[in-house]
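Colleague: What follows is a single structure, and I will ask about it in a moment.
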Amino acid sequence: MTAGGHKPPMAPPLIELDGVSKSFDGAQNFALRDVSLAVEAKSFIALVGASGSGKTTAMKLINRLIEPDRGEVRLDGVAVKTLDAPLLRRRIGYVFQGVGLFPHMTIGENIGITPQLLGWPRAEIDARVAELLDLVELPQSFATRLPHALSGGQRQRAGVARAIAARPHVVLMDEPFGALDPITRDTLGTAYRAIHDRLGVTTIMVTHDVQEAVLLADRIVVMGAGRILADGAPGELLAGDSVPEVAALMAMPRRQAERINALTAATAHG
Amino acid sequence: MDERWAGALALLPGYAAQHMLLSMAALALGIAISLPLAIVASRRPRLRFFALATASLAQTIPGLALLALFYPLLLALSALTMRTFGFAVPALGFLPSLLALTIYSMLPILRNAVTGLDGVDRDYIDAADGVGMTPGQRLTRIELPLAAPVIMAGIRTAAVWTIGIATLSTAVGQTSLGNYIFSGLQTENWVYVLTGCIAVVALAMFVDQVLGLIEAGVALRDRRRIVAGIVALLVATAAAAAPLVTGRGADYVFGAKNFSEQYILASLMASRIEAEGQRAGLKEGLGSAVIFRALAGNEIDAYVDYSGTLWTNVMERRDVPPRAAMLEELTRFMREKYGVTVLGSLGFENAYGLAMRTNRAAALGVRTISELAPHAPQLALGSDLEFLSRPEWTALRNAYRLAFREERSFNPTFMYRALQDGLVDVISAFTSDGRLAGDRLVVLDDNRHAIPSYDAVILLAPKRANDEVLRRALTPLIGAISVETMRQANYMLDRDTDKASLADAVRFLAANLKQMPQAGKN
């Protein structure tokens with residue numbers, strides 16, 4: 001644990017990043033520098049920061065889409081590098097930036113892909129797809145459609161359904177709602193938070209949208225230049241931080257909220 | 001006119017079958033090699049560069065040259081397998097054609113497959129990894145399906161190229177639709193040429209459309225279209241193969257070089273062996289050197305060659321002995337060196353000579369080559385494609401000190417046209433050529449005997465040396481064909497108007513054989 005003074009939880013951490021470093025250019029620049037992070041089960045963590053801060057790299061270490069140069073990543077106390085990468089990834093849901101639905105497969109096939117890779121029986125996959133379409137509030141008829149026939153918001157709902165199809169305990173989200181219009185983004189974010197609570201999963205979401213992080217996450221980890229700058233509950237970070245970059249970042253949603261409050265008050269009194 | 005079309009169409013099933021089988025086999029082999037290579041290459045930049053560069057290089061070699069290059073290669077391989085394993089790989093026909101066409105088909109498939117796999121959006125690769133696919137699953141479920149339209153386009157290009165270039169395989173003894181084109185060009189039978197072209201275009205269009213159906217099926221994920229397309233290809237290939245299966249395995253194969261007389265004589269020999277109740281096959285349009293090696297290698301059973309040609313090309317002799325002595329020496333040499341039997345002379349000569357238009361020769365007062373020599377610097381010589389590089393030309397030039405103003409090579413058919421049109425004044429003519437009589441040409445006398453005689457002789461392959469059936473069928477032809485009869489038969493095919501069919505020319509020749517005393521047979 002680094003800066004931020006977050007209190008250790010009661011349960012042992014589900015996911016641990018232990019002193020990990022990563023460079024993509026032979027140790028000239030570091031995407032991650034000696035980062036340690038513990039994530040307790042069933043929590044919803046947002047990784048925020050500017051582009052190049054290392055937030056996406058940190059998340060991709062968890063399902064081995066990226067391998068660290070130094071340090072260790074553990075899931076349930078087991079070092080992930082000892083696990084077969086494809087098998088590990090089937091246990092971890094992943095919602096991709098820009099959706100990532102396979103264009104040549106129907107929505108049903110896309111949602112059912114991980115169960116299918118795990119060798120579930122056909123009938124069980126079909127039932128699961130139907131169940132998930134309900135859960136993400138898409139009509140059953142979408143199962144046989146191709147992704148291009150859906151709107152952006154509908155596609156991302158399907159993306160969420162695909163991520164949780166094989167009943168993972170961990171869901172990783174890479175700027176999941178970034179490309180959506182504000183209303184859809186809000187609706188989907190709220191819907192996902194409800195799913196998170198209902199299924200009891202552990203979610204790690206990478207986002208550059210501080211407001212979204214504040215509204216959805218239990219805990220916000222602010223990253224900059226490959227290090228963790230701050231780590232705490234949204235309320236704590238909003239109250240102010242000793243690191244000026246963090247303070248500036250967290251001040252933004254508060255300022256916006258205050259301005260909106262002032263405007264609505266002025267309208268009401270006017 | 002109807003009869004010529006009917007004659008051409010009668011050959012279509014056989015030619016189209018061979019053509020289809022050859023092209024489809026080459027395409028299948030090309031896909032089988034190129035696709036895995038492309039998959040590996042798309043992950044290794046250096047290998048990709050090497051593979052694409054090699055395939056591009058192969059593509060720049062002219063198709064005919066590529067086929068020709070495989071012949072000596074396979075010949076060497078054949079000798080090697082004969083020594084080590086006791087069997088010979090055929091150097092002629094299907095195998096060299098298949099290999100050359102396969103190499104030709106590879107570039108478009110390889111290039112498109114590499115491009116297609118490279119073009120798969122990085123997001124989908126990440127997503128495939130992220131949902132837990134192994135590299136193999138990612139390849140078969142995501143990368144290949146997404147690259148499929150580009151790969152299919154490459155396969156379609158390769159299919160059309162292969163079907164077009166397969167016509168050239170006729171030149172290395174593989175029957176194809178090219179037989180129409182090669183023999184049609186030689187005998188000025190434009191019905192043949194046209195039939196060949198139309199058939200090739202139709203076949204290419206059919207295969208392209210069927211592959212297009214499969215491509216659309218892949219793009220639209222419509223299994224019915226994919227299955228329909230594959231079934232159509234298989235049915236067409238099977239239908240093409242059917243006549244080969246039923247009429248398979250000729251007992252005797254006769255070779256023919258690429259001019260009318262050779263086609264007629266090979267067909268005549270074939271008809272005689274069929275009269276013995278045997279099945280006959282033809283390998284037509286072979287080059288001079290290729291055909292002799294094919295015979296010596298037992299790939300064809302018999303063909304007609306010319307003593308002077310063998311004397312200079314195979315025996316590499318430069319002296320010019322009298323006709324009978326030469327034939328005797330040739331017979332001995334062929335038996336001892338190659339085990340080839342010289343069955344005997346057909347009774348006519350097809351010598352190289354120099355010919356002129358009768359009125360032009362008369363105007364110059366030229367009857368012999370000696371008399372031509374002083375005029376040569378003002379005249380242009382037209383020759384067939386090989387004459388100028390043959391020892392006969394060197395011998396003539398040296399003996400008479402010939403120096404023409406200009407020397408040009410033509411396809412034999414066009415050479416006669418060039419003479420008629422006054423483009424050239426003198427041509428290298430064959431003395432049995434029907435056009436000599438038809439076009440009112442005169443052959444100049446080789447008064448210094450610079451070039452050897454060219455008796456048409458029947459050669460038998462080593463394995464046929466003691467074949468009674470073949471001997472019984474062919475021996476009656478020995479001494480039975482006069483040069484006038486041969487010229488007339490040739491002229492039936494080589495004239496511009498009222499052209500007869502090959503079958504007619506063969507019938508004419510068979511009906512006009514000289515009756516030889518058959519005493520002492522057996």
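Letters A, B, ... mark the chains of the structure tokens in the order given; residue numbers begin at 1 per chain; ligand numbers begin at 1, in order shown.
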Residues within 8 Å of region 98-109 of chain A, please, as a ChimeraX atom specification. Count only C-alpha atoms; anything in the same chain fewer than 2 positions from it doesn't count.

Modeller: /A:95-96,111-113,126,129,142-148,155-156,158-159,176,178-179 /B:123-124,127,142,145-146,221

Colleague: Export C-alpha atoms of the chosen residues as a PDB file, in the first residue's frame?

Modeller:
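Listed below is the output, out-v7.pdb:
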ATOM      1  CA  VAL A  95     -15.182  -5.452 -20.955  1.00  0.00           C
ATOM      2  CA  PHE A  96     -13.204  -3.901 -23.789  1.00  0.00           C
ATOM      3  CA  ILE A 111     -22.052 -13.531 -25.175  1.00  0.00           C
ATOM      4  CA  GLY A 112     -21.647 -17.295 -25.057  1.00  0.00           C
ATOM      5  CA  ILE A 113     -18.017 -17.361 -26.232  1.00  0.00           C
ATOM      6  CA  ASP A 126     -28.317 -20.936 -24.642  1.00  0.00           C
ATOM      7  CA  VAL A 129     -27.353 -16.178 -22.978  1.00  0.00           C
ATOM      8  CA  PHE A 142     -30.955  -9.766 -30.348  1.00  0.00           C
ATOM      9  CA  ALA A 143     -29.322 -13.148 -29.763  1.00  0.00           C
ATOM     10  CA  THR A 144     -29.379 -13.896 -33.495  1.00  0.00           C
ATOM     11  CA  ARG A 145     -28.313 -10.437 -34.675  1.00  0.00           C
ATOM     12  CA  LEU A 146     -24.837  -9.370 -35.710  1.00  0.00           C
ATOM     13  CA  PRO A 147     -23.157  -6.591 -33.696  1.00  0.00           C
ATOM     14  CA  HIS A 148     -23.383  -4.002 -36.512  1.00  0.00           C
ATOM     15  CA  ARG A 155     -23.432  -3.243 -28.048  1.00  0.00           C
ATOM     16  CA  GLN A 156     -21.825  -2.276 -24.765  1.00  0.00           C
ATOM     17  CA  ALA A 158     -23.850  -7.095 -24.839  1.00  0.00           C
ATOM     18  CA  GLY A 159     -20.167  -6.523 -23.996  1.00  0.00           C
ATOM     19  CA  PRO A 176     -16.134   0.589 -20.918  1.00  0.00           C
ATOM     20  CA  GLY A 178     -16.024   6.023 -22.861  1.00  0.00           C
ATOM     21  CA  ALA A 179     -17.404   6.064 -26.398  1.00  0.00           C
TER      22      ALA A 179
ATOM     23  CA  ASP B 123      -9.054  -4.709 -30.951  1.00  0.00           C
ATOM     24  CA  TYR B 124     -10.405  -8.093 -32.043  1.00  0.00           C
ATOM     25  CA  ALA B 127     -10.684  -9.274 -27.335  1.00  0.00           C
ATOM     26  CA  ILE B 142     -11.325 -14.830 -35.242  1.00  0.00           C
ATOM     27  CA  PRO B 145     -12.841 -15.734 -40.535  1.00  0.00           C
ATOM     28  CA  LEU B 146     -12.170 -11.982 -40.468  1.00  0.00           C
ATOM     29  CA  ARG B 221     -21.873 -16.497 -42.704  1.00  0.00           C
TER      30      ARG B 221
END

Colleague: Go through chain B and flag each residue having an atom no more than 12 Å from chain A; for those, report the closest pair of atoms plus their distance in Å to one decimal, using only C-alpha atoms, ordered by chain and rising number, as a Markdown table.

Modeller:
| residue | atom | partner | partner_atom | distance |
| --- | --- | --- | --- | --- |
| B:Val120 | CA | A:Phe102 | CA | 11.0 |
| B:Asp121 | CA | A:Gly100 | CA | 9.7 |
| B:Arg122 | CA | A:Gly100 | CA | 9.6 |
| B:Asp123 | CA | A:Gly100 | CA | 6.0 |
| B:Tyr124 | CA | A:Gly100 | CA | 5.8 |
| B:Ile125 | CA | A:Gly100 | CA | 9.0 |
| B:Asp126 | CA | A:Leu65 | CA | 8.1 |
| B:Ala127 | CA | A:Gly100 | CA | 5.7 |
| B:Ala128 | CA | A:Phe102 | CA | 8.4 |
| B:Asp129 | CA | A:Pro86 | CA | 7.2 |
| B:Gly130 | CA | A:Arg89 | CA | 6.1 |
| B:Val131 | CA | A:Arg90 | CA | 5.9 |
| B:Gly132 | CA | A:Pro86 | CA | 4.2 |
| B:Met133 | CA | A:Pro86 | CA | 5.6 |
| B:Thr134 | CA | A:Pro86 | CA | 5.7 |
| B:Pro135 | CA | A:Pro86 | CA | 8.8 |
| B:Gly136 | CA | A:Pro86 | CA | 11.0 |
| B:Gln137 | CA | A:Leu117 | CA | 8.9 |
| B:Arg138 | CA | A:Pro86 | CA | 10.6 |
| B:Arg141 | CA | A:His104 | CA | 9.4 |
| B:Ile142 | CA | A:Phe102 | CA | 7.5 |
| B:Glu143 | CA | A:Phe102 | CA | 10.3 |
| B:Leu144 | CA | A:His104 | CA | 10.9 |
| B:Pro145 | CA | A:His104 | CA | 7.5 |
| B:Leu146 | CA | A:His104 | CA | 7.1 |
| B:Ala147 | CA | A:His104 | CA | 10.8 |
| B:Ala148 | CA | A:His104 | CA | 10.8 |
| B:Pro149 | CA | A:His104 | CA | 11.7 |
| B:Gly217 | CA | A:His104 | CA | 12.0 |
| B:Val218 | CA | A:His104 | CA | 9.5 |
| B:Ala219 | CA | A:His104 | CA | 8.2 |
| B:Leu220 | CA | A:His104 | CA | 8.3 |
| B:Arg221 | CA | A:His104 | CA | 7.4 |
| B:Asp222 | CA | A:His104 | CA | 11.1 |

Colleague: Include N, CA, C and O atoms and write out the residues we just selected as a short mmCIF file (atom, residue, chain, number, x, y, z; two decimals), in the first residue's frame.

Modeller:
data_model
loop_
_atom_site.label_atom_id
_atom_site.label_comp_id
_atom_site.auth_asym_id
_atom_site.auth_seq_id
_atom_site.Cartn_x
_atom_site.Cartn_y
_atom_site.Cartn_z
N VAL B 120 -6.48 -7.66 -39.73
CA VAL B 120 -7.47 -7.89 -38.67
C VAL B 120 -7.23 -6.87 -37.56
O VAL B 120 -6.11 -6.73 -37.06
N ASP B 121 -8.28 -6.14 -37.20
CA ASP B 121 -8.20 -5.05 -36.22
C ASP B 121 -7.60 -5.55 -34.90
O ASP B 121 -8.00 -6.57 -34.38
N ARG B 122 -6.63 -4.80 -34.40
CA ARG B 122 -5.94 -5.12 -33.15
C ARG B 122 -6.95 -5.34 -32.00
O ARG B 122 -6.75 -6.20 -31.14
N ASP B 123 -8.05 -4.58 -32.01
CA ASP B 123 -9.05 -4.71 -30.95
C ASP B 123 -9.61 -6.13 -30.87
O ASP B 123 -9.88 -6.64 -29.79
N TYR B 124 -9.81 -6.75 -32.04
CA TYR B 124 -10.40 -8.09 -32.04
C TYR B 124 -9.40 -9.13 -31.54
O TYR B 124 -9.78 -10.11 -30.91
N ILE B 125 -8.13 -8.89 -31.86
CA ILE B 125 -7.08 -9.80 -31.36
C ILE B 125 -7.06 -9.72 -29.83
O ILE B 125 -7.04 -10.74 -29.14
N ASP B 126 -7.07 -8.48 -29.31
CA ASP B 126 -7.06 -8.29 -27.86
C ASP B 126 -8.30 -8.93 -27.23
O ASP B 126 -8.21 -9.57 -26.19
N ALA B 127 -9.44 -8.72 -27.87
CA ALA B 127 -10.68 -9.27 -27.33
C ALA B 127 -10.63 -10.80 -27.33
O ALA B 127 -11.06 -11.44 -26.37
N ALA B 128 -10.06 -11.38 -28.39
CA ALA B 128 -9.95 -12.84 -28.46
C ALA B 128 -9.08 -13.35 -27.33
O ALA B 128 -9.41 -14.33 -26.66
N ASP B 129 -7.94 -12.67 -27.10
CA ASP B 129 -7.08 -13.06 -25.97
C ASP B 129 -7.84 -12.88 -24.66
O ASP B 129 -7.79 -13.73 -23.79
N GLY B 130 -8.54 -11.74 -24.56
CA GLY B 130 -9.20 -11.38 -23.31
C GLY B 130 -10.29 -12.36 -22.90
O GLY B 130 -10.49 -12.60 -21.72
N VAL B 131 -11.02 -12.92 -23.87
CA VAL B 131 -12.08 -13.86 -23.49
C VAL B 131 -11.52 -15.26 -23.25
O VAL B 131 -12.25 -16.17 -22.90
N GLY B 132 -10.21 -15.42 -23.43
CA GLY B 132 -9.59 -16.68 -23.05
C GLY B 132 -9.36 -17.66 -24.19
O GLY B 132 -9.35 -18.86 -23.98
N MET B 133 -9.17 -17.13 -25.41
CA MET B 133 -8.87 -18.05 -26.51
C MET B 133 -7.37 -18.37 -26.51
O MET B 133 -6.55 -17.52 -26.22
N THR B 134 -7.06 -19.62 -26.87
CA THR B 134 -5.67 -19.98 -27.10
C THR B 134 -5.27 -19.40 -28.46
O THR B 134 -6.14 -19.04 -29.25
N PRO B 135 -3.97 -19.30 -28.76
CA PRO B 135 -3.57 -18.76 -30.06
C PRO B 135 -4.21 -19.51 -31.24
O PRO B 135 -4.58 -18.91 -32.24
N GLY B 136 -4.36 -20.81 -31.10
CA GLY B 136 -4.97 -21.60 -32.16
C GLY B 136 -6.45 -21.27 -32.34
O GLY B 136 -6.94 -21.12 -33.46
N GLN B 137 -7.15 -21.12 -31.21
CA GLN B 137 -8.58 -20.76 -31.28
C GLN B 137 -8.74 -19.37 -31.87
O GLN B 137 -9.63 -19.11 -32.66
N ARG B 138 -7.84 -18.46 -31.48
CA ARG B 138 -7.91 -17.10 -31.99
C ARG B 138 -7.75 -17.11 -33.51
O ARG B 138 -8.44 -16.42 -34.24
N ARG B 141 -10.99 -19.04 -35.11
CA ARG B 141 -12.31 -18.46 -34.87
C ARG B 141 -12.39 -16.99 -35.18
O ARG B 141 -13.47 -16.47 -35.47
N ILE B 142 -11.27 -16.28 -35.07
CA ILE B 142 -11.33 -14.83 -35.24
C ILE B 142 -10.51 -14.37 -36.45
O ILE B 142 -11.05 -13.78 -37.39
N GLU B 143 -9.21 -14.69 -36.45
CA GLU B 143 -8.36 -14.12 -37.49
C GLU B 143 -8.70 -14.64 -38.88
O GLU B 143 -8.89 -13.85 -39.82
N LEU B 144 -8.79 -15.97 -39.04
CA LEU B 144 -9.08 -16.50 -40.36
C LEU B 144 -10.47 -16.09 -40.86
O LEU B 144 -10.60 -15.65 -42.00
N PRO B 145 -11.53 -16.19 -40.03
CA PRO B 145 -12.84 -15.73 -40.53
C PRO B 145 -12.84 -14.26 -40.93
O PRO B 145 -13.43 -13.89 -41.94
N LEU B 146 -12.16 -13.41 -40.14
CA LEU B 146 -12.17 -11.98 -40.47
C LEU B 146 -11.31 -11.69 -41.70
O LEU B 146 -11.59 -10.77 -42.45
N ALA B 147 -10.26 -12.50 -41.91
CA ALA B 147 -9.41 -12.30 -43.09
C ALA B 147 -9.97 -13.02 -44.31
O ALA B 147 -9.49 -12.82 -45.43
N ALA B 148 -11.00 -13.85 -44.11
CA ALA B 148 -11.49 -14.73 -45.18
C ALA B 148 -11.84 -14.01 -46.49
O ALA B 148 -11.48 -14.49 -47.56
N PRO B 149 -12.53 -12.85 -46.44
CA PRO B 149 -12.85 -12.22 -47.72
C PRO B 149 -11.61 -11.86 -48.54
O PRO B 149 -11.59 -12.07 -49.76
N GLY B 217 -20.67 -16.61 -49.16
CA GLY B 217 -21.12 -17.44 -48.05
C GLY B 217 -20.29 -17.19 -46.80
O GLY B 217 -20.82 -17.09 -45.70
N VAL B 218 -18.97 -17.05 -47.01
CA VAL B 218 -18.07 -16.79 -45.88
C VAL B 218 -18.38 -15.41 -45.30
O VAL B 218 -18.51 -15.24 -44.09
N ALA B 219 -18.55 -14.41 -46.20
CA ALA B 219 -18.77 -13.04 -45.73
C ALA B 219 -20.11 -12.92 -45.00
O ALA B 219 -20.22 -12.23 -43.99
N LEU B 220 -21.13 -13.60 -45.51
CA LEU B 220 -22.47 -13.48 -44.93
C LEU B 220 -22.73 -14.57 -43.89
O LEU B 220 -23.83 -14.64 -43.35
N ARG B 221 -21.74 -15.39 -43.64
CA ARG B 221 -21.87 -16.50 -42.70
C ARG B 221 -23.08 -17.36 -43.08
O ARG B 221 -23.88 -17.74 -42.26
N ASP B 222 -23.16 -17.63 -44.38
CA ASP B 222 -24.27 -18.43 -44.88
C ASP B 222 -23.72 -19.80 -45.27
O ASP B 222 -23.07 -19.94 -46.30
#

Colleague: Run DSSP on the backbone and tell me which residues of region 3-225 of chain A come out as alpha helix (DSSP H); list them as an MDAnalysis selection string.

Modeller: chainID A and resid 55:62 85:90 107:111 113:117 122:135 152:164 182:199 210:216

Colleague: Just the selected residues (C-alpha atoms), exported as a compact mmCIF listing (two decimals), in the first residue's frame, please.

Modeller:
# COMPACT_ATOMS: atom_id res chain seq x y z
CA LYS A 55 -3.74 2.50 -15.29
CA THR A 56 -4.55 0.18 -18.24
CA THR A 57 -1.18 -1.57 -17.96
CA ALA A 58 -1.80 -2.24 -14.28
CA MET A 59 -5.19 -3.79 -15.04
CA LYS A 60 -3.92 -5.94 -17.93
CA LEU A 61 -1.32 -7.52 -15.63
CA ILE A 62 -4.15 -9.20 -13.75
CA ALA A 85 -3.05 -17.66 -19.55
CA PRO A 86 -6.13 -18.67 -21.62
CA LEU A 87 -7.56 -20.64 -18.68
CA LEU A 88 -6.90 -17.70 -16.33
CA ARG A 89 -8.65 -15.30 -18.72
CA ARG A 90 -11.74 -17.50 -18.92
CA ILE A 107 -24.74 -11.33 -30.19
CA GLY A 108 -25.69 -14.73 -28.74
CA GLU A 109 -22.41 -16.30 -29.92
CA ASN A 110 -20.45 -13.33 -28.61
CA ILE A 111 -22.05 -13.53 -25.18
CA ILE A 113 -18.02 -17.36 -26.23
CA THR A 114 -16.27 -17.92 -22.90
CA PRO A 115 -18.71 -20.62 -21.70
CA GLN A 116 -18.24 -22.23 -25.08
CA LEU A 117 -14.45 -22.15 -24.69
CA ARG A 122 -25.00 -26.19 -25.77
CA ALA A 123 -28.34 -25.98 -23.90
CA GLU A 124 -26.69 -24.49 -20.84
CA ILE A 125 -24.99 -21.81 -22.96
CA ASP A 126 -28.32 -20.94 -24.64
CA ALA A 127 -30.05 -20.64 -21.28
CA ARG A 128 -27.22 -18.47 -19.93
CA VAL A 129 -27.35 -16.18 -22.98
CA ALA A 130 -31.12 -15.74 -22.52
CA GLU A 131 -30.64 -15.00 -18.83
CA LEU A 132 -27.91 -12.44 -19.53
CA LEU A 133 -29.90 -10.65 -22.24
CA ASP A 134 -32.58 -10.11 -19.58
CA LEU A 135 -30.01 -9.01 -17.03
CA GLY A 152 -23.41 1.68 -29.38
CA GLY A 153 -25.19 1.44 -26.03
CA GLN A 154 -26.79 -1.89 -26.94
CA ARG A 155 -23.43 -3.24 -28.05
CA GLN A 156 -21.83 -2.28 -24.76
CA ARG A 157 -24.66 -3.97 -22.85
CA ALA A 158 -23.85 -7.09 -24.84
CA GLY A 159 -20.17 -6.52 -24.00
CA VAL A 160 -21.01 -6.49 -20.29
CA ALA A 161 -23.10 -9.64 -20.72
CA ARG A 162 -20.16 -11.36 -22.45
CA ALA A 163 -17.80 -10.41 -19.63
CA ILE A 164 -19.93 -11.99 -16.92
CA PRO A 182 -23.57 11.01 -21.62
CA ILE A 183 -27.10 9.74 -21.03
CA THR A 184 -26.36 6.22 -22.19
CA ARG A 185 -23.11 6.27 -20.23
CA ASP A 186 -24.93 7.19 -17.05
CA THR A 187 -27.70 4.62 -17.58
CA LEU A 188 -25.25 1.84 -18.35
CA GLY A 189 -22.93 2.75 -15.48
CA THR A 190 -25.80 2.64 -13.00
CA ALA A 191 -27.05 -0.62 -14.52
CA TYR A 192 -23.62 -2.20 -14.25
CA ARG A 193 -23.19 -1.10 -10.63
CA ALA A 194 -26.50 -2.86 -9.87
CA ILE A 195 -25.25 -6.02 -11.57
CA HIS A 196 -21.98 -5.81 -9.65
CA ASP A 197 -23.85 -5.66 -6.34
CA ARG A 198 -26.31 -8.36 -7.30
CA LEU A 199 -23.70 -10.90 -8.48
CA VAL A 210 -13.35 11.14 -12.62
CA GLN A 211 -17.05 11.84 -12.24
CA GLU A 212 -17.92 8.34 -13.39
CA ALA A 213 -15.35 6.91 -10.97
CA VAL A 214 -16.75 8.94 -8.08
CA LEU A 215 -20.33 7.88 -8.79
CA LEU A 216 -19.70 4.14 -9.37

Colleague: When you look at Ile458 (chain B) with a cut-off of 7 Å (counting only C-alpha atoms), what residues show up, excluding the ones that are within fewer than 2 positions of it in the same chain? I need them as a PyMOL selection string.

Modeller: chain B and resi 302-305+342-345+456+460

Colleague: Would you write out those residues with C-alpha atoms, as an mmCIF file, in the first residue's frame?

Modeller:
data_model
loop_
_atom_site.group_PDB
_atom_site.id
_atom_site.type_symbol
_atom_site.label_atom_id
_atom_site.label_comp_id
_atom_site.auth_asym_id
_atom_site.auth_seq_id
_atom_site.Cartn_x
_atom_site.Cartn_y
_atom_site.Cartn_z
ATOM 1 C CA ALA B 302 6.550 -44.473 -80.388
ATOM 2 C CA TYR B 303 6.852 -41.383 -82.559
ATOM 3 C CA VAL B 304 8.166 -40.309 -85.915
ATOM 4 C CA ASP B 305 11.427 -38.394 -86.104
ATOM 5 C CA VAL B 342 14.491 -47.547 -85.360
ATOM 6 C CA LEU B 343 11.648 -49.520 -86.928
ATOM 7 C CA GLY B 344 12.326 -48.141 -90.386
ATOM 8 C CA SER B 345 11.757 -45.275 -92.752
ATOM 9 C CA ALA B 456 11.001 -39.944 -91.559
ATOM 10 C CA LEU B 460 10.060 -47.346 -80.578
#

Colleague: Pick from B:Gly277, B:Pro72, B:Gly164, B:Gly382: nearest to Phe414 (chain B), with only C-alpha atoms counted?

Modeller: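 The answer is B:Gly382, which sits nearest to Phe414 (chain B).
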
Colleague: I'd like the neighbourhood of Leu502 (chain B) as a list of chain:residue names, where a residue qualifies if any of its atoms comes within 9 Å (using only C-alpha atoms), though same-chain residues fewer than 4 positions away should be ignored.

Modeller: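 Selected residues are B:Gly7, B:Ser260, B:Tyr263, B:Ile264, B:Ser267, B:Met492, B:Leu493, B:Val506, B:Arg507.
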
Colleague: Write to file, as a short mmCIF file (atom, residue, chain, number, x, y, z; two decimals), in the first residue's frame, the residues of the selection just made, with N, CA, C and O atoms.

Modeller:
data_model
loop_
_atom_site.label_atom_id
_atom_site.label_comp_id
_atom_site.auth_asym_id
_atom_site.auth_seq_id
_atom_site.Cartn_x
_atom_site.Cartn_y
_atom_site.Cartn_z
N GLY B 7 -15.93 -31.72 -84.84
CA GLY B 7 -14.65 -32.36 -84.54
C GLY B 7 -14.00 -31.75 -83.31
O GLY B 7 -13.44 -32.45 -82.47
N SER B 260 1.73 -30.08 -88.34
CA SER B 260 0.65 -30.90 -88.90
C SER B 260 1.05 -32.34 -89.20
O SER B 260 0.36 -33.29 -88.85
N TYR B 263 1.12 -34.45 -86.19
CA TYR B 263 -0.22 -34.77 -85.68
C TYR B 263 -0.84 -35.89 -86.50
O TYR B 263 -1.45 -36.82 -85.98
N ILE B 264 -0.68 -35.78 -87.83
CA ILE B 264 -1.29 -36.78 -88.72
C ILE B 264 -0.67 -38.15 -88.49
O ILE B 264 -1.37 -39.15 -88.33
N SER B 267 -1.60 -39.70 -85.13
CA SER B 267 -2.98 -40.20 -85.17
C SER B 267 -3.10 -41.45 -86.02
O SER B 267 -3.88 -42.36 -85.71
N MET B 492 -3.91 -30.68 -96.63
CA MET B 492 -5.33 -30.71 -96.24
C MET B 492 -5.54 -29.89 -94.97
O MET B 492 -6.58 -29.29 -94.76
N LEU B 493 -4.51 -29.87 -94.11
CA LEU B 493 -4.63 -29.12 -92.85
C LEU B 493 -4.03 -27.72 -92.94
O LEU B 493 -4.46 -26.80 -92.25
N VAL B 506 -5.93 -38.06 -91.77
CA VAL B 506 -5.46 -39.39 -91.37
C VAL B 506 -6.10 -40.45 -92.28
O VAL B 506 -5.42 -41.36 -92.77
N ARG B 507 -7.41 -40.30 -92.53
CA ARG B 507 -8.11 -41.26 -93.42
C ARG B 507 -7.51 -41.24 -94.82
O ARG B 507 -7.28 -42.28 -95.43
#

Colleague: Once DSSP has gone over the backbone, tell me which residues of region 5-254 of chain A are in strand (DSSP E), as a VMD selection string.

Modeller: chain A and resid 13 to 22 32 to 40 44 to 49 70 to 75 78 to 79 92 to 95 170 to 174 202 to 207 219 to 224 227 to 232

Colleague: Region 101-105 of chain B: which residues within 9 Å, counting only C-alpha atoms, same-chain residues fewer than 3 positions away excluded, as an MDAnalysis selection string?

Modeller: chainID B and resid 22:23 25:31 33:34 55 58:59 63 66:67 96:98 108:110 155 157:159 161:163 165:166 169

Colleague: Separation of CA of Asp446 (chain B) and CA of Lys514 (chain B), in Å?

Modeller: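 We find that CA of Asp446 (chain B) and CA of Lys514 (chain B) lie 27.6 Å from each other.
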
Colleague: Give me the residues near Val114 (chain B) as a count of residues only, where near means some atom within 8 Å (using only C-alpha atoms) and where sequence neighbours in that chain fewer than 5 positions away do not count.

Modeller: 5
